[in-house]
Structure formats: structure tokens, C-alpha cells
file run.txt (compact mmCIF, C-alpha atoms and all ligand atoms)
# COMPACT_ATOMS: atom_id res chain seq x y z
CA MET A 7 -16.78 19.56 -10.96
CA SER A 8 -19.63 17.19 -10.27
CA GLY A 9 -22.68 16.05 -12.15
CA VAL A 10 -26.03 14.92 -10.84
CA HIS A 11 -26.93 11.48 -12.07
CA GLU A 12 -30.16 9.70 -11.11
CA GLY A 13 -30.51 11.93 -8.07
CA ARG A 14 -27.03 11.38 -6.67
CA VAL A 15 -23.89 13.39 -7.13
CA THR A 16 -21.34 11.63 -9.28
CA LYS A 17 -17.62 12.00 -8.78
CA PRO A 18 -15.81 12.50 -12.09
CA LEU A 19 -12.59 10.93 -10.88
CA LEU A 20 -14.38 7.78 -9.68
CA GLU A 21 -16.26 7.66 -12.99
CA VAL A 22 -12.96 7.60 -14.88
CA LEU A 23 -11.63 4.87 -12.60
CA ALA A 24 -14.76 2.90 -13.55
CA GLY A 25 -13.75 3.31 -17.20
CA LYS A 26 -16.09 6.17 -18.12
CA ARG A 27 -14.53 9.07 -20.01
CA GLN A 28 -15.56 12.54 -18.77
CA ALA A 29 -16.09 15.39 -21.25
CA ILE A 30 -13.90 17.55 -19.00
CA PRO A 31 -11.23 15.36 -17.47
CA PRO A 32 -11.01 15.39 -13.67
CA VAL A 33 -7.85 17.13 -12.42
CA TRP A 34 -5.64 16.83 -9.37
CA LEU A 35 -1.89 17.24 -8.87
CA MET A 36 0.56 14.95 -7.15
CA ARG A 37 1.91 16.76 -4.06
CA GLN A 38 -0.87 19.32 -4.44
CA ALA A 39 -0.62 20.15 -0.73
CA GLY A 40 2.85 21.56 -0.28
CA ARG A 41 5.35 24.37 -0.15
CA TYR A 42 4.17 26.26 -3.26
CA LEU A 43 1.10 27.26 -1.18
CA PRO A 44 1.55 30.09 1.39
CA GLU A 45 -1.29 28.64 3.49
CA TYR A 46 0.62 25.31 3.64
CA ARG A 47 3.83 27.02 4.73
CA ARG A 48 1.94 28.73 7.57
CA VAL A 49 0.50 25.48 8.93
CA ARG A 50 3.82 23.68 8.41
CA GLU A 51 5.54 26.27 10.62
CA GLN A 52 2.88 25.92 13.27
CA ALA A 53 3.23 22.12 13.34
CA GLY A 54 6.93 22.01 14.19
CA SER A 55 8.25 18.92 12.45
CA PHE A 56 6.97 17.44 9.21
CA LEU A 57 6.04 14.15 10.91
CA GLU A 58 4.13 16.05 13.57
CA LEU A 59 2.12 17.64 10.78
CA CYS A 60 1.41 14.16 9.32
CA PHE A 61 0.30 12.83 12.72
CA THR A 62 -1.84 15.78 13.91
CA PRO A 63 -5.27 15.11 12.35
CA ARG A 64 -6.60 18.65 12.71
CA LEU A 65 -3.60 20.13 10.85
CA ALA A 66 -3.19 17.27 8.36
CA ALA A 67 -6.89 17.56 7.44
CA GLU A 68 -6.51 21.31 7.02
CA VAL A 69 -3.58 21.03 4.58
CA THR A 70 -5.33 18.19 2.72
CA LEU A 71 -8.24 20.56 2.04
CA GLN A 72 -6.23 23.72 1.22
CA PRO A 73 -5.56 22.97 -2.48
CA VAL A 74 -9.14 21.77 -2.98
CA ARG A 75 -10.48 25.05 -1.62
CA ARG A 76 -8.13 27.16 -3.68
CA PHE A 77 -8.37 25.31 -7.00
CA ALA A 78 -11.55 23.17 -6.79
CA PHE A 79 -9.51 20.09 -7.73
CA ASP A 80 -11.48 16.90 -8.36
CA ALA A 81 -9.54 15.02 -5.67
CA ALA A 82 -8.21 15.64 -2.20
CA ILE A 83 -5.18 13.48 -1.44
CA LEU A 84 -4.59 12.55 2.17
CA PHE A 85 -1.74 14.60 3.60
CA SER A 86 0.88 12.18 4.87
CA ASP A 87 4.05 10.61 3.46
CA ILE A 88 5.08 7.23 2.09
CA LEU A 89 7.71 7.03 4.84
CA VAL A 90 5.19 6.84 7.69
CA VAL A 91 5.08 3.09 6.92
CA PRO A 92 8.74 2.40 7.81
CA TYR A 93 8.26 4.71 10.80
CA ALA A 94 5.30 2.61 11.98
CA LEU A 95 7.42 -0.51 11.41
CA GLY A 96 9.88 0.80 14.00
CA GLN A 97 12.55 2.44 11.82
CA ALA A 98 13.81 5.88 12.89
CA VAL A 99 12.61 8.48 10.32
CA SER A 100 12.98 12.25 10.36
CA PHE A 101 12.68 15.09 7.85
CA GLU A 102 15.28 17.82 8.04
CA THR A 103 14.15 21.09 6.47
CA GLY A 104 15.62 21.45 2.99
CA GLU A 105 17.40 18.10 3.15
CA GLY A 106 14.65 15.54 2.67
CA PRO A 107 14.12 12.38 4.68
CA LYS A 108 16.67 10.75 6.99
CA LEU A 109 16.25 7.15 8.14
CA ASP A 110 18.39 4.87 10.23
CA PRO A 111 19.60 2.79 7.24
CA ILE A 112 19.03 -0.96 7.04
CA ILE A 113 22.38 -2.40 6.03
CA ASP A 114 21.93 -6.15 6.59
CA ALA A 115 19.53 -8.97 7.53
CA GLN A 116 19.78 -7.96 11.17
CA GLY A 117 18.34 -4.56 10.35
CA ILE A 118 15.37 -6.31 8.78
CA ALA A 119 14.97 -8.57 11.81
CA HIS A 120 14.60 -5.49 14.01
CA LEU A 121 11.50 -4.29 12.16
CA ARG A 122 8.03 -5.05 13.45
CA ASP A 123 6.14 -7.51 11.25
CA ARG A 124 3.00 -5.33 11.36
CA ILE A 125 2.53 -1.56 11.40
CA ASP A 126 2.06 -0.14 14.89
CA ASP A 127 -1.55 1.03 15.18
CA ASN A 128 -0.68 3.44 17.95
CA VAL A 129 1.67 5.26 15.60
CA ILE A 130 -0.45 5.21 12.45
CA SER A 131 -3.99 5.71 13.79
CA PRO A 132 -3.89 9.56 13.54
CA VAL A 133 -3.75 9.07 9.75
CA TYR A 134 -7.12 7.31 9.84
CA GLU A 135 -8.55 10.11 11.96
CA THR A 136 -7.33 12.64 9.36
CA ILE A 137 -9.18 10.67 6.67
CA ALA A 138 -12.41 10.63 8.69
CA ARG A 139 -12.19 14.38 9.32
CA VAL A 140 -11.60 15.22 5.66
CA ARG A 141 -14.34 12.89 4.48
CA ASN A 142 -16.83 14.64 6.78
CA VAL A 143 -16.33 18.02 5.14
CA LEU A 144 -15.40 17.04 1.59
CA PRO A 145 -17.24 19.08 -1.09
CA ALA A 146 -19.69 17.10 -3.25
CA GLY A 147 -18.06 15.64 -6.33
CA VAL A 148 -14.55 15.61 -4.85
CA THR A 149 -12.90 12.21 -4.45
CA LEU A 150 -10.81 11.47 -1.35
CA LEU A 151 -7.61 9.63 -2.27
CA GLY A 152 -5.42 7.64 0.07
CA PHE A 153 -1.98 6.35 -0.86
CA CYS A 154 1.11 4.39 0.01
CA GLY A 155 4.54 3.95 -1.48
CA ALA A 156 5.22 0.79 -3.48
CA PRO A 157 7.47 -1.68 -1.61
CA TRP A 158 10.43 -1.13 -3.96
CA THR A 159 10.39 2.66 -3.59
CA VAL A 160 9.91 2.53 0.19
CA ALA A 161 12.73 -0.04 0.43
CA THR A 162 15.13 2.29 -1.43
CA TYR A 163 14.73 4.89 1.36
CA MET A 164 14.85 2.26 4.13
CA ILE A 165 18.14 0.85 2.84
CA ALA A 166 19.92 4.07 1.78
CA GLY A 167 18.62 6.01 4.78
CA ARG A 168 17.95 8.99 2.50
CA GLY A 169 17.02 9.88 -1.05
CA SER A 170 19.53 9.04 -3.78
CA GLU A 171 19.66 9.36 -7.55
CA ASP A 172 20.59 5.82 -8.61
CA GLN A 173 19.28 3.76 -5.66
CA ARG A 174 22.56 1.87 -5.59
CA ALA A 175 22.22 0.83 -1.93
CA ALA A 176 18.92 -1.00 -2.49
CA ARG A 177 19.98 -2.45 -5.84
CA LEU A 178 23.20 -3.80 -4.35
CA PHE A 179 21.32 -5.20 -1.35
CA ALA A 180 18.89 -7.02 -3.67
CA TYR A 181 21.77 -8.55 -5.71
CA ARG A 182 23.90 -9.51 -2.72
CA ASP A 183 21.18 -10.79 -0.41
CA PRO A 184 18.06 -11.59 -2.46
CA VAL A 185 16.60 -13.69 0.35
CA GLY A 186 16.94 -10.90 2.91
CA PHE A 187 15.63 -8.37 0.40
CA ALA A 188 12.61 -10.60 -0.36
CA GLN A 189 11.89 -10.72 3.39
CA LEU A 190 11.86 -6.93 3.54
CA MET A 191 9.52 -6.86 0.53
CA GLU A 192 7.18 -9.34 2.28
CA ILE A 193 6.99 -7.10 5.33
CA LEU A 194 6.25 -4.08 3.12
CA ILE A 195 3.62 -5.92 1.05
CA THR A 196 1.71 -6.96 4.17
CA ALA A 197 2.11 -3.57 5.86
CA SER A 198 1.07 -1.62 2.75
CA ALA A 199 -1.98 -3.80 2.06
CA ASP A 200 -3.14 -3.51 5.70
CA TYR A 201 -2.55 0.22 5.62
CA LEU A 202 -4.59 0.72 2.44
CA VAL A 203 -7.45 -1.47 3.71
CA ARG A 204 -7.58 0.64 6.87
CA GLN A 205 -7.54 3.81 4.78
CA PHE A 206 -10.60 2.55 2.88
CA ALA A 207 -12.30 1.67 6.16
CA ALA A 208 -11.64 5.23 7.40
CA GLY A 209 -13.19 6.82 4.29
CA VAL A 210 -10.88 7.08 1.27
CA GLU A 211 -12.62 6.32 -2.04
CA ALA A 212 -9.58 5.33 -4.11
CA VAL A 213 -5.85 5.01 -3.52
CA GLN A 214 -2.63 5.58 -5.44
CA ILE A 215 0.46 3.40 -5.10
CA PHE A 216 3.54 5.59 -5.73
CA ASP A 217 6.49 3.73 -7.27
CA THR A 218 8.76 6.72 -7.78
CA TRP A 219 11.87 4.60 -8.42
CA ALA A 220 10.32 1.91 -10.65
CA GLY A 221 12.32 3.16 -13.62
CA ILE A 222 15.76 2.40 -12.22
CA LEU A 223 15.65 -1.42 -12.41
CA PRO A 224 16.58 -3.81 -15.25
CA SER A 225 13.46 -5.36 -16.77
CA GLU A 226 13.52 -8.75 -14.94
CA GLU A 227 14.01 -6.93 -11.64
CA PHE A 228 11.21 -4.57 -12.58
CA LEU A 229 8.81 -7.51 -12.71
CA ARG A 230 10.10 -9.08 -9.53
CA TRP A 231 10.47 -6.02 -7.30
CA CYS A 232 7.95 -3.55 -8.77
CA ALA A 233 5.13 -5.23 -10.68
CA GLU A 234 4.69 -8.42 -8.61
CA PRO A 235 4.72 -6.79 -5.15
CA VAL A 236 2.26 -4.13 -6.29
CA GLU A 237 -0.07 -6.77 -7.76
CA ARG A 238 0.05 -8.68 -4.48
CA ILE A 239 -1.01 -5.53 -2.64
CA VAL A 240 -3.86 -4.97 -5.12
CA VAL A 241 -5.11 -8.55 -4.68
CA GLU A 242 -4.81 -8.36 -0.89
CA VAL A 243 -6.66 -5.02 -0.70
CA ARG A 244 -9.47 -6.31 -2.92
CA ARG A 245 -9.89 -9.38 -0.72
CA ALA A 246 -11.02 -6.98 2.01
CA VAL A 247 -12.50 -4.23 -0.21
CA PRO A 248 -13.68 -5.98 -3.40
CA GLN A 249 -14.49 -2.79 -5.32
CA ALA A 250 -11.32 -0.94 -4.26
CA LYS A 251 -10.22 1.53 -6.93
CA ILE A 252 -6.45 1.70 -7.26
CA ILE A 253 -4.14 3.89 -9.37
CA GLY A 254 -0.58 2.64 -10.00
CA PHE A 255 2.23 5.11 -10.69
CA PRO A 256 5.39 3.30 -11.80
CA ARG A 257 7.46 6.39 -12.58
CA GLY A 258 10.03 5.94 -15.32
CA ALA A 259 8.76 2.47 -16.31
CA ALA A 260 8.89 3.43 -20.01
CA SER A 261 8.38 0.38 -22.25
CA SER A 262 7.99 -1.84 -19.14
CA LEU A 263 4.61 -0.17 -18.69
CA VAL A 264 3.18 -2.78 -21.07
CA ARG A 265 4.16 -5.56 -18.71
CA TYR A 266 2.98 -3.53 -15.74
CA VAL A 267 -0.49 -3.43 -17.31
CA ASP A 268 -0.22 -7.17 -18.13
CA GLN A 269 0.60 -8.07 -14.55
CA VAL A 270 -0.93 -5.45 -12.30
CA SER A 271 -4.70 -5.12 -12.08
CA VAL A 272 -4.78 -1.45 -11.09
CA ASN A 273 -7.78 0.55 -12.36
CA ALA A 274 -5.63 3.30 -13.86
CA VAL A 275 -1.98 3.94 -14.64
CA GLY A 276 -0.14 7.16 -13.81
CA LEU A 277 2.26 8.28 -16.56
CA ASP A 278 5.38 10.37 -15.98
CA TRP A 279 6.20 13.27 -18.33
CA THR A 280 8.91 11.47 -20.32
CA ILE A 281 6.71 8.79 -21.87
CA ASP A 282 6.07 8.81 -25.61
CA ARG A 283 2.42 9.83 -25.72
CA SER A 284 1.40 7.90 -28.81
CA PHE A 285 2.97 4.75 -27.36
CA ALA A 286 1.10 5.35 -24.08
CA ARG A 287 -2.20 5.96 -25.85
CA GLU A 288 -1.93 2.89 -28.07
CA GLN A 289 -0.36 0.41 -25.65
CA ILE A 290 -1.65 1.56 -22.25
CA GLN A 291 -4.74 3.75 -22.55
CA SER A 292 -6.32 1.25 -24.95
CA ARG A 293 -6.40 -1.12 -21.95
CA ARG A 294 -6.69 1.10 -18.85
CA PRO A 295 -7.57 4.71 -18.00
CA VAL A 296 -4.43 6.80 -17.66
CA GLN A 297 -3.44 9.76 -15.49
CA GLY A 298 -0.80 12.41 -16.11
CA ASN A 299 1.49 13.64 -17.48
CA LEU A 300 2.30 17.37 -17.70
CA ASP A 301 5.98 18.15 -17.11
CA PRO A 302 6.14 19.82 -13.65
CA LEU A 303 8.66 22.28 -15.11
CA ALA A 304 6.16 23.41 -17.77
CA LEU A 305 3.97 24.41 -14.83
CA VAL A 306 6.87 26.36 -13.33
CA ALA A 307 7.59 28.04 -16.68
CA GLY A 308 4.01 29.16 -17.42
CA GLY A 309 3.18 31.34 -20.42
CA SER A 310 2.69 29.94 -23.90
CA ALA A 311 5.00 27.00 -23.13
CA LEU A 312 2.53 25.89 -20.47
CA ASP A 313 -0.45 26.31 -22.81
CA ARG A 314 1.27 24.22 -25.48
CA ALA A 315 2.24 21.53 -22.97
CA VAL A 316 -1.32 21.31 -21.59
CA ASP A 317 -2.73 21.10 -25.12
CA ALA A 318 -0.34 18.28 -26.00
CA VAL A 319 -1.45 16.26 -22.97
CA LEU A 320 -5.13 16.80 -23.79
CA ALA A 321 -4.68 16.04 -27.50
CA ALA A 322 -3.04 12.72 -26.63
CA PHE A 323 -5.29 11.47 -23.84
CA ALA A 324 -8.58 13.38 -23.47
CA HIS A 325 -10.46 11.25 -26.02
CA GLN A 326 -10.46 8.18 -23.79
CA PRO A 327 -10.84 7.75 -19.99
CA PHE A 328 -8.33 10.18 -18.54
CA ILE A 329 -7.35 12.01 -15.34
CA PHE A 330 -5.32 15.19 -15.84
CA ASN A 331 -2.29 15.42 -13.55
CA LEU A 332 1.41 16.19 -13.59
CA GLY A 333 3.98 13.57 -14.54
CA HIS A 334 5.44 13.86 -11.00
CA GLY A 335 4.92 16.03 -7.94
CA ILE A 336 4.39 19.80 -8.16
CA LEU A 337 7.60 21.72 -7.45
CA PRO A 338 7.87 24.27 -4.60
CA ALA A 339 8.87 26.96 -7.14
CA THR A 340 5.52 26.71 -8.98
CA PRO A 341 3.64 30.05 -9.18
CA ILE A 342 0.01 29.74 -8.11
CA ALA A 343 -1.11 31.77 -11.14
CA HIS A 344 0.28 29.03 -13.38
CA VAL A 345 -1.92 26.43 -11.68
CA ASP A 346 -4.93 28.69 -12.38
CA GLN A 347 -3.82 29.07 -16.00
CA MET A 348 -3.48 25.30 -16.38
CA LEU A 349 -6.92 24.66 -14.86
CA ALA A 350 -8.60 27.22 -17.12
CA ARG A 351 -7.03 25.53 -20.15
CA VAL A 352 -8.03 22.00 -19.06
CA ARG A 353 -11.56 22.91 -18.04
CA GLY A 354 -12.26 25.41 -20.78
CA GLY A 355 -10.74 23.80 -23.80
CA ALA A 356 -11.01 20.03 -23.44
CA ALA A 357 -12.24 18.01 -26.41
CA SER A 358 -15.80 16.77 -25.90
O1 LIG B 1 0.33 14.73 -2.67
C1 LIG B 1 0.08 15.30 -1.59
O2 LIG B 1 -0.19 16.52 -1.50
C2 LIG B 1 -0.02 14.44 -0.35
C3 LIG B 1 1.15 14.37 0.46
C4 LIG B 1 2.42 13.63 0.01
C5 LIG B 1 3.68 14.01 0.51
N1 LIG B 1 4.59 13.09 0.08
C6 LIG B 1 3.94 15.19 1.37
C7 LIG B 1 5.32 15.70 1.51
C8 LIG B 1 2.59 12.49 -0.79
C9 LIG B 1 1.58 11.70 -1.61
C10 LIG B 1 3.98 12.15 -0.72
C11 LIG B 1 4.57 10.98 -1.40
C12 LIG B 1 6.01 10.76 -1.34
N2 LIG B 1 6.87 11.02 -0.31
C13 LIG B 1 6.76 10.12 -2.38
C14 LIG B 1 6.19 9.56 -3.66
C15 LIG B 1 5.90 10.60 -4.65
C16 LIG B 1 7.09 11.37 -5.12
O3 LIG B 1 7.05 12.61 -4.94
O4 LIG B 1 8.00 10.78 -5.67
C17 LIG B 1 8.09 10.06 -1.94
C18 LIG B 1 9.27 9.48 -2.72
C19 LIG B 1 8.15 10.63 -0.63
C20 LIG B 1 9.33 10.74 0.26
C21 LIG B 1 9.67 12.16 0.56
N3 LIG B 1 8.91 12.98 1.36
C22 LIG B 1 10.78 12.88 0.11
C23 LIG B 1 11.87 12.35 -0.81
C24 LIG B 1 10.69 14.17 0.65
C25 LIG B 1 11.70 15.28 0.52
C26 LIG B 1 11.64 15.94 -0.79
C27 LIG B 1 10.78 17.17 -0.71
O5 LIG B 1 9.93 17.35 -1.60
O6 LIG B 1 11.00 17.93 0.24
C28 LIG B 1 9.48 14.22 1.39
C29 LIG B 1 8.96 15.40 2.15
C30 LIG B 1 7.54 15.82 1.87
N4 LIG B 1 6.47 14.98 1.72
C31 LIG B 1 7.08 17.16 1.77
C32 LIG B 1 5.70 17.10 1.54
C33 LIG B 1 4.73 18.26 1.42
C34 LIG B 1 7.94 18.42 1.92
C35 LIG B 1 8.44 18.56 3.33
C36 LIG B 1 8.00 19.81 4.06
O7 LIG B 1 6.91 20.35 3.87
O8 LIG B 1 8.78 20.24 4.92

call {"tool": "encode", "arguments": {"input": "run.txt", "output": "C-alpha cells", "more": "lines below"}}
Ligand code: CP3
result
Amino acid sequence: MSGVHEGRVTKPLLEVLAGKRQAIPPVWLMRQAGRYLPEYRRVREQAGSFLELCFTPRLAAEVTLQPVRRFAFDAAILFSDILVVPYALGQAVSFETGEGPKLDPIIDAQGIAHLRDRIDDNVISPVYETIARVRNVLPAGVTLLGFCGAPWTVATYMIAGRGSEDQRAARLFAYRDPVGFAQLMEILITASADYLVRQFAAGVEAVQIFDTWAGILPSEEFLRWCAEPVERIVVEVRRAVPQAKIIGFPRGAASSLVRYVDQVSVNAVGLDWTIDRSFAREQIQSRRPVQGNLDPLALVAGGSALDRAVDAVLAAFAHQPFIFNLGHGILPATPIAHVDQMLARVRGGAAS
């Protein structure tokens, strides 16, 4: 999905991030490389552990490219995980099959003191090699995206030692020891900004900051632990890479999205599937390009429910700068034929 403009190939996703609406919105899917793809499952088996897959550039580059080959998405997203940052800060991290991530939980200030103050280059450098490999073979018109987790979301895993529904461990830590928690956030802000700058140096063209657990905090805490840290990363990255294009995804932020856009100078805002679309169009898309927000379960369901859901997303957002995506990551149960159906609908029937 590329156009030729003054002799050079334009990239629709980068055009949208520059504020230019595309007649057919660029499309990619969060977690587009993953278990719903048989070719991913094959490589995943070959790699041994999930972290080994993340840190083996030949294999990580291969799985990064798989969904682009199959679906001609407008973006390739680096195959890695948000938890490679705590790993490179010295925390023990592993992924047990079917159980999600396991970390050696940080339970007090001492746990924070044991972290490195910078990410270990020896650990993380394979990620940059993956980026360089993908960039070398990327089809024209496809944008290479890097990413990191937002400090709040990464901290929830570092403190609980695993995924949880209410993030009570991190919320309690922040109430009981705000000074210690702020120290952890400082480490994560510095590490994440460095990491993104290095990703740009290696060849990514834009990045997304995933704040999966932004929606769980009271509004004052949302500003302090979600919006402000992310803005500091954005400012820090642009000090090194002035034109850096950055997408923010504060999942579940709901009405706090307005203050997110007030405070965070990201180029586009990712919307989850629960947001009221007219609110998002009027209050958010009037100020910044948006990305989203198909319900991942509509993609699992398929059929006419999927067609209706795709149409509703397009009707709300396709008239202004917009990137079509899910409202959260694609689920392993998603049939591949439904992804094809969705793409045909987006690319064939968009308003122009
Ligand atoms: O989008 C992509 O295709 C790029 C790769 C990517 C992965 N994780 C690969 C992955 C990206 C961008 C992420 C981000 C990520 N990781 C987030 C933020 C986005 C979100 O989904 O909320 C979070 C919270 C994580 C942490 C994480 N990694 C969890 C909670 C889990 C277990 C849950 C699950 O889906 O299994 C992972 C594992 C993980 N990361 C897998 C993949 C493909 C599945 C593990 C496997 O293949 O064995």
C-alpha cells in the first residue's frame, strides 16, 4: 500500500503520523506476529524459549516479517517484548508456555537498588540487529515500528512478578512508598528513552509506547504515573531524534484521554475498543491522528458481526487522519480468514 510521490515511495503510515489523511487508511495489528499464525508457531518451537526468540536476530526478523508477507500490512512491528527492558536492567524474567511472564518480583526499595541504572547493551543489542535486518529487506511503503512499554505498565509486571487483573501490587507500592516508586519510574524513563533512541538509530521509522494498564489508576495518579513519564520519554527521544514519530497507547484511559493529549506530545493516540467513538472523534481526533479500535473479539467472531464492527470503526474515524488497528492485541484464537475479510473491507470500502 504505497504511493509514488515526487519520485519517492511514500509510506502511508508515516504520512498519517505527519497529519495527512490517507484515502485508504494504513492498517497493522497489535501483536500481529504471534500464535494465530502457523508459521509463527513453527519458528517459536524452533527457538526454544520465548526470550531466545526475542534475542536471536535471524528468527526475530523472520517472525517480524511473517504477517507483512501474509497480509501486506502497512507496518512491520519489531518482534520483541516490553519485558526485555526489566531483563536488561538485571531482573530475572522468563515466559512459561501458557502462563505468561514470570519475574522475580520487586517488593521493596532494596529490590529497586539491585537494578542496573542503565540497560545492559550486551543483553539488548540483538534487538538492534533484528531491526537492521528487517529494515534491509522491508517492502517499499511498509513502515518499521519499534516499541517499548510505558514505565507504569512495565512497573506493574516488575512489582507483581506476573500479570494481574487489578495491578494491586504496583498500586499499593506507589501509595506506600511513593519515593521508592518514583525512583523505579526514573530508571524506567531513562532506560526506555535510551532504548527507543537506539531503536531509531538501528532503523525503526516510528515507535509505539504501550501503556496497557493506564486505565486502572485514579485520575491524579494517571497524570503522575502514566502521562508525565510518557511525556518525559517523548521529550528525551526527540532531543536525540528531533523528528521522531511516536504513537501513544494508553489503554483504558477513557475520559482521561483528553488530558493525555493535553500533556503528551505523541504524534498519534491508540484507542482501545471500549471508547465512545463520537467522544474520541470530537475530543481526540480533532487534535491528533488516532489509531484503533476494532474489538479483537469481533475479529475472532468474523461473519457479519465483523463487517459491521469494521464499518463502525471506519465511519467514525476514516474521515480524518487515521490508522486502522485493533483496540488491543490480536488473540491466538483468531482465524486467519477473518483477518483477510477485515483487510478486504478496510481496503475496499473506505470512505474517500
Ligand atoms: O506486536 C507484535 O507482533 C510485536 C511483538 C510484541 C509481543 N509483545 C510479543 C509477544 C509486542 C509489541 C508485545 C507487547 C507486550 N508484551 C505488551 C503490551 C501490549 C499488550 O498486549 O498489552 C505486554 C503487556 C507484554 C507482556 C507480555 N508478553 C505478556 C503479558 C505475555 C503473555 C500473554 C500472552 O499473550 O501470551 C507476553 C508474551 C508474548 N509477547 C507473546 C508474544 C507473541 C506470546 C508468547 C509466546 O509466543 O509463547

call {"tool": "atom_distance", "arguments": {"input": "run.txt", "atom1": "atom CA of A:Leu332", "atom2": "atom CA of A:Gly298"}}
result
5.1 Å

call {"tool": "atom_distance", "arguments": {"input": "run.txt", "atom1": "atom CA of A:Gly117", "atom2": "atom CA of A:Ala156"}}
result
19.8 Å

call {"tool": "residues_near_point", "arguments": {"input": "run.txt", "point": "(-1.2, -2.6, -10.8)", "cutoff": "9 Å", "atoms": "all atoms listed in the file", "output": "ChimeraX atom specification"}}
result
/A:215,233-234,236-240,252-256,266-275

call {"tool": "closest_atom_pairs", "arguments": {"input": "run.txt", "of": "chain A", "to": "ligand LIG 1 (chain B)", "cutoff": "6 Å", "atoms": "only C-alpha atoms and all ligand atoms", "output": "tab-separated table"}}
result
residue	atom	partner	partner_atom	distance
A:Met36	CA	B:LIG1	O1	4.5
A:Arg37	CA	B:LIG1	O1	2.9
A:Gln38	CA	B:LIG1	O2	4.1
A:Ala39	CA	B:LIG1	O2	3.7
A:Gly40	CA	B:LIG1	C33	4.2
A:Arg41	CA	B:LIG1	O7	5.9
A:Phe56	CA	B:LIG1	O8	5.4
A:Ile83	CA	B:LIG1	C2	5.4
A:Leu84	CA	B:LIG1	C2	5.6
A:Phe85	CA	B:LIG1	C3	4.3
A:Ser86	CA	B:LIG1	C3	4.9
A:Asp87	CA	B:LIG1	N1	4.2
A:Ile88	CA	B:LIG1	N2	4.8
A:Thr103	CA	B:LIG1	O8	5.7
A:Gly106	CA	B:LIG1	C25	3.7
A:Pro107	CA	B:LIG1	C24	5.6
A:Gly169	CA	B:LIG1	C23	5.7
A:Phe216	CA	B:LIG1	C14	5.2
A:Thr218	CA	B:LIG1	O4	4.6
A:Gly335	CA	B:LIG1	O3	5.0

call {"tool": "atom_distance", "arguments": {"input": "run.txt", "atom1": "atom CA of A:Gly333", "atom2": "atom CA of A:Val133"}}
result
25.9 Å

call {"tool": "residues_near_point", "arguments": {"input": "run.txt", "point": "(-2.7, 20.0, -5.1)", "cutoff": "10 Å", "atoms": "all atoms listed in the file", "output": "PyMOL selection string"}}
result
chain A and resi 33-40+42-43+69-83+331+335-336+345

call {"tool": "closest_residue", "arguments": {"input": "run.txt", "among": "A:Ile112, A:Asn128, A:Glu45, A:Ala161", "to": "A:Phe61", "atoms": "all atoms listed in the file"}}
result
A:Asn128

call {"tool": "closest_residue", "arguments": {"input": "run.txt", "among": "A:Asp123, A:Glu68, A:Glu135, A:Asp313", "to": "A:Asp301", "atoms": "all atoms listed in the file"}}
result
A:Asp313

call {"tool": "residues_around", "arguments": {"input": "run.txt", "residues": "A:Ser310", "least_positions_apart": "4", "cutoff": "12 Å", "atoms": "all atoms listed in the file", "output": "tab-separated table (two decimals) with C-alpha atoms, in the frame of the given file"}}
result
chain	number	residue	atom	x	y	z
A	304	ALA	CA	6.16	23.41	-17.77
A	305	LEU	CA	3.97	24.41	-14.83
A	306	VAL	CA	6.87	26.36	-13.33
A	314	ARG	CA	1.27	24.22	-25.48
A	315	ALA	CA	2.24	21.53	-22.97
A	316	VAL	CA	-1.32	21.31	-21.59
A	317	ASP	CA	-2.73	21.10	-25.12
A	344	HIS	CA	0.28	29.03	-13.38
A	347	GLN	CA	-3.82	29.07	-16.00
A	348	MET	CA	-3.48	25.30	-16.38
A	351	ARG	CA	-7.03	25.53	-20.15

call {"tool": "residues_around", "arguments": {"input": "run.txt", "residues": "A:Arg124", "least_positions_apart": "3", "cutoff": "9 Å", "atoms": "all atoms listed in the file", "output": "NGL selection string"}}
result
:A and (94-95 or 121 or 127 or 193-194 or 196-197 or 200)
